[in-house]
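Quick notes on the structure that follows.
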Amino acid sequence: MAAIIDCGVPAAGTEREFDFFRPGQDRRCDKPITTIFFDLDNTLIPTRKGDAKACGKIADILHNEYDLPRDLATEVTITFLTSYRRCPDNPDIPLAQWRTQMWEDALPAGRKHLAPELYPRWVEYRTRYLAPSPEIISLLQTLRLQYLLGIVTNGPSASQWEKIDRLALGRYFDCILVSSDLPWAKPDRNIFYAACHYLGVRPEECAMIGDKLETDIQGGLESRLAATIWLPLPKDLRLMHDKSLADMGGLAHPDYIVESVLDLPSVLPLTTSFCGQRCRPVQERRGSNSYVPKTTRNRQASYNRFLPDVPDLYSSSSNSCDSNGTMDSQ
């Protein structure tokens with residue numbers, strides 16, 4: 001039984017926030033899905049968990065190799081991680097320089113010279129801990145045989161592309177959109193429409209999976225995607241600003257809730273025969289040596305050229321757009 005779960009009140013004495021569907025409650029999507037959009041952080045890759053583990057390793061290094069008291073070593077890494085999560089990059093400063101400065105700011109007086117040594121070791125550990133599991137890679141390879149796959153992620157451009165490049169994720173996706181490369185961020189439906197435009201598909205044949213109700217799920221619902229799939233973070237990884245179902249009210253109630261991205265196939269349609277005609281042109285291009293995924297990385301050179309055409313992709317009869325068939329702009 002796949003771990004597909006529904007919202008519910010936890011029973012007395014339990015710590016579960018959601019109740020599992022019972023066997024026989026098959027709620028697979030019955031819509032003709034051709035395309036799956038993934039959030040990046042805490043969906044495809046364990047960003048919060050990986051960041052915490054990498055900082056734990058740096059605390060060990062500070063304590064074991066540089067003789068900082070354990071409490072002080074932990075305080076340094078917490079200070080760095082808090083600052084890093086608040087501002088992971090600075091567009092006016094190279095990424096390495098910005099993060100080295102953050103380590104320097106976190107270190108106590110007399111130890112600030114360690115920052116240039118700590119930074120590359122943190123990057124090495126972080127890359128190791130952020131890597132998708134072999135099971136997730138296998139899932140992506142399998143899904144890609146039947147569907148078009150995309151990443152739609154919010155975040156600073158340099159920081160997001162660093163993760164995508166270091167983890168070599170581009171090979172598994174047909175389009176990759178980073179919000180800071182664009183005029184919009186999730187939940188703005190225009191970023192979802194842009195992803196659809198890149199791939200030549202309509203919103204009503206796409207699914208979105210992500211960990212944030214206020215961006216991934218709300219945006220998918222407002223874009224009228226075929227399915228929205230929520231992957232809630234475990235309690236120990238949540239931050240104060242994370243939204244709950246109660247916080248969102250009725251604005252972002254997902255179609256499905258799963259415990260793991262590996263449960264995604266359990267909510268997809270049993271038949272994918274309708275994918276062939278829509279996906280085949282892209283799938284055939286994948287075999288070419290010149291094939292590269294469509295991304296926002298070089299948007300100034302290519303993406304803006306497509307923007308005037310985006311509204312024309314949708315007709316006034318589409319249930320994915322406003323009644324006049326156009327998209328909102330910020």
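Ordering of the structure tokens sets the chain letters (A, B, ...); residue numbers start at 1 within each chain; ligands are numbered from 1 in the order shown.
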
Selection: 8 Å around Tyr84 (chain A), only C-alpha atoms, excl. self and same-chain fewer than 5 positions, as JSON, numbers by chain
{"A": [89, 99, 102]}

Give the alpha helix (DSSP H) residues of region 41-155 of chain A, as DSSP finds them on the backbone, and put them as a ChimeraX atom specification.
/A:47-64,70-86,95-106,115-130,134-143

Do you know which residues are at most 10 Å from His113 (chain A) counting only C-alpha atoms, after dropping those on the same chain fewer than 5 positions away, and could you put them as a short mmCIF file (atom, residue, chain, number, x, y, z; two decimals) with N, CA, C and O atoms, in the first residue's frame?
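Resulting contents of around-v6.cif:
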data_model
loop_
_atom_site.label_atom_id
_atom_site.label_comp_id
_atom_site.auth_asym_id
_atom_site.auth_seq_id
_atom_site.Cartn_x
_atom_site.Cartn_y
_atom_site.Cartn_z
N TRP A 103 30.73 32.58 6.89
CA TRP A 103 31.47 31.75 7.85
C TRP A 103 32.36 32.63 8.72
O TRP A 103 32.47 32.43 9.93
N GLU A 104 33.00 33.60 8.11
CA GLU A 104 33.87 34.50 8.88
C GLU A 104 33.07 35.26 9.94
O GLU A 104 33.50 35.40 11.09
N LEU A 107 32.29 32.91 12.92
CA LEU A 107 33.41 32.44 13.74
C LEU A 107 33.77 33.46 14.81
O LEU A 107 33.63 34.67 14.61
N PRO A 108 34.26 32.99 15.95
CA PRO A 108 34.64 33.92 17.02
C PRO A 108 35.95 34.64 16.69
O PRO A 108 36.70 34.22 15.80
N LEU A 118 37.06 26.37 5.91
CA LEU A 118 35.80 25.70 6.22
C LEU A 118 34.85 25.69 5.04
O LEU A 118 34.12 24.71 4.82
#

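One finds CA of Leu199 (chain A) at 23.8 Å from CA of Lys212 (chain A).
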
Which residues, written as an mmCIF file with C-alpha atoms, in the first residue's frame, have at least one atom at most 9 Å from Leu81 (chain A), with only C-alpha atoms counted and residues fewer than 3 positions away on the same chain left out?
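Writing done, so here's part.cif:
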data_model
loop_
_atom_site.group_PDB
_atom_site.id
_atom_site.type_symbol
_atom_site.label_atom_id
_atom_site.label_comp_id
_atom_site.auth_asym_id
_atom_site.auth_seq_id
_atom_site.Cartn_x
_atom_site.Cartn_y
_atom_site.Cartn_z
ATOM 1 C CA ASP A 51 22.258 21.521 5.375
ATOM 2 C CA ALA A 52 21.923 20.493 9.011
ATOM 3 C CA CYS A 55 26.880 21.953 9.452
ATOM 4 C CA VAL A 76 29.112 28.845 15.114
ATOM 5 C CA THR A 77 27.393 26.455 12.724
ATOM 6 C CA ILE A 78 23.917 27.424 13.929
ATOM 7 C CA TYR A 84 22.554 31.282 5.204
ATOM 8 C CA ARG A 85 18.875 30.385 5.213
ATOM 9 C CA ARG A 86 18.014 34.056 5.501
#

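For region 132-142 of chain A, the residues within 7 Å (counting only C-alpha atoms, excluding itself and residues fewer than 3 positions away along the chain) are Leu44, Ile45, Leu145, Tyr172 and Leu262 of chain A.
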
Taken to one decimal, the CA of Lys163 (chain A)-CA of Val123 (chain A) distance is 10.3 Å

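Distance annotation: of A:Ile93, A:Leu231, A:Ala106, A:Leu225, the residue with the minimal separation from Pro203 (chain A) is A:Leu225; atom set is only C-alpha atoms.
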
Quick one: everything within 7 Å of Asp30 (chain A), counting only C-alpha atoms, minus sequence neighbours fewer than 2 positions away in the same chain. Send it as an MDAnalysis selection string.
chainID A and resid 28 32 269

Out of A:Ala131, A:Asn42, A:Ala246, A:Ile58, which residue has the shortest atom-to-atom distance to Pro232 (chain A) when counting only C-alpha atoms?
A:Asn42

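With only C-alpha atoms as the atoms that count, the minimum distance from Asp92 (chain A) to the choices A:Ala158, A:Ile257, A:Met240, A:Asp211 is reached by A:Ala158.
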
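For the residues A:Arg286, A:Arg126, A:Arg297, A:Arg166, ranking by smallest atom-to-atom distance to Pro46 (chain A) using only C-alpha atoms places A:Arg126 first.
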
Residue contacts of Asp242 (chain A) (9 Å, only C-alpha atoms) excluding same-chain residues fewer than 2 positions away, as a ChimeraX atom specification
/A:212-214,238-240,244

Any chance you could export the current selection's C-alpha atoms as a PDB file, in the first residue's frame?
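See result_11.pdb below for the written result:
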ATOM      1  CA  LYS A 212       5.135  24.008   0.500  1.00  0.00           C
ATOM      2  CA  LEU A 213       1.408  24.581   0.605  1.00  0.00           C
ATOM      3  CA  GLU A 214       1.730  28.331   0.078  1.00  0.00           C
ATOM      4  CA  ARG A 238       9.915  22.426   9.909  1.00  0.00           C
ATOM      5  CA  LEU A 239      10.628  26.094  10.498  1.00  0.00           C
ATOM      6  CA  MET A 240       8.357  28.651  12.127  1.00  0.00           C
ATOM      7  CA  SER A 244       0.065  24.181   7.746  1.00  0.00           C
TER       8      SER A 244
END

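Interatomic distance, CA of Ile151 (chain A) against CA of Gly170 (chain A): 9.2 Å.
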
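In terms of minimum interatomic distance to Pro265 (chain A), A:Gln146 ranks closest within A:Gln218, A:Gln160, A:Thr153, A:Gln146, counting only C-alpha atoms.
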
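DSSP annotation of region 53-284 of chain A from backbone atoms: strand (DSSP E) residues are A:Leu148, A:Leu149, A:Gly150, A:Ile151, A:Val152, A:Thr153, A:Cys175, A:Ile176, A:Leu177, A:Val178, A:Cys206, A:Ala207, A:Met208, A:Ile209, A:Gly210, A:Ala227, A:Thr228, A:Ile229, A:Trp230, A:Tyr256, A:Ile257, A:Val258.
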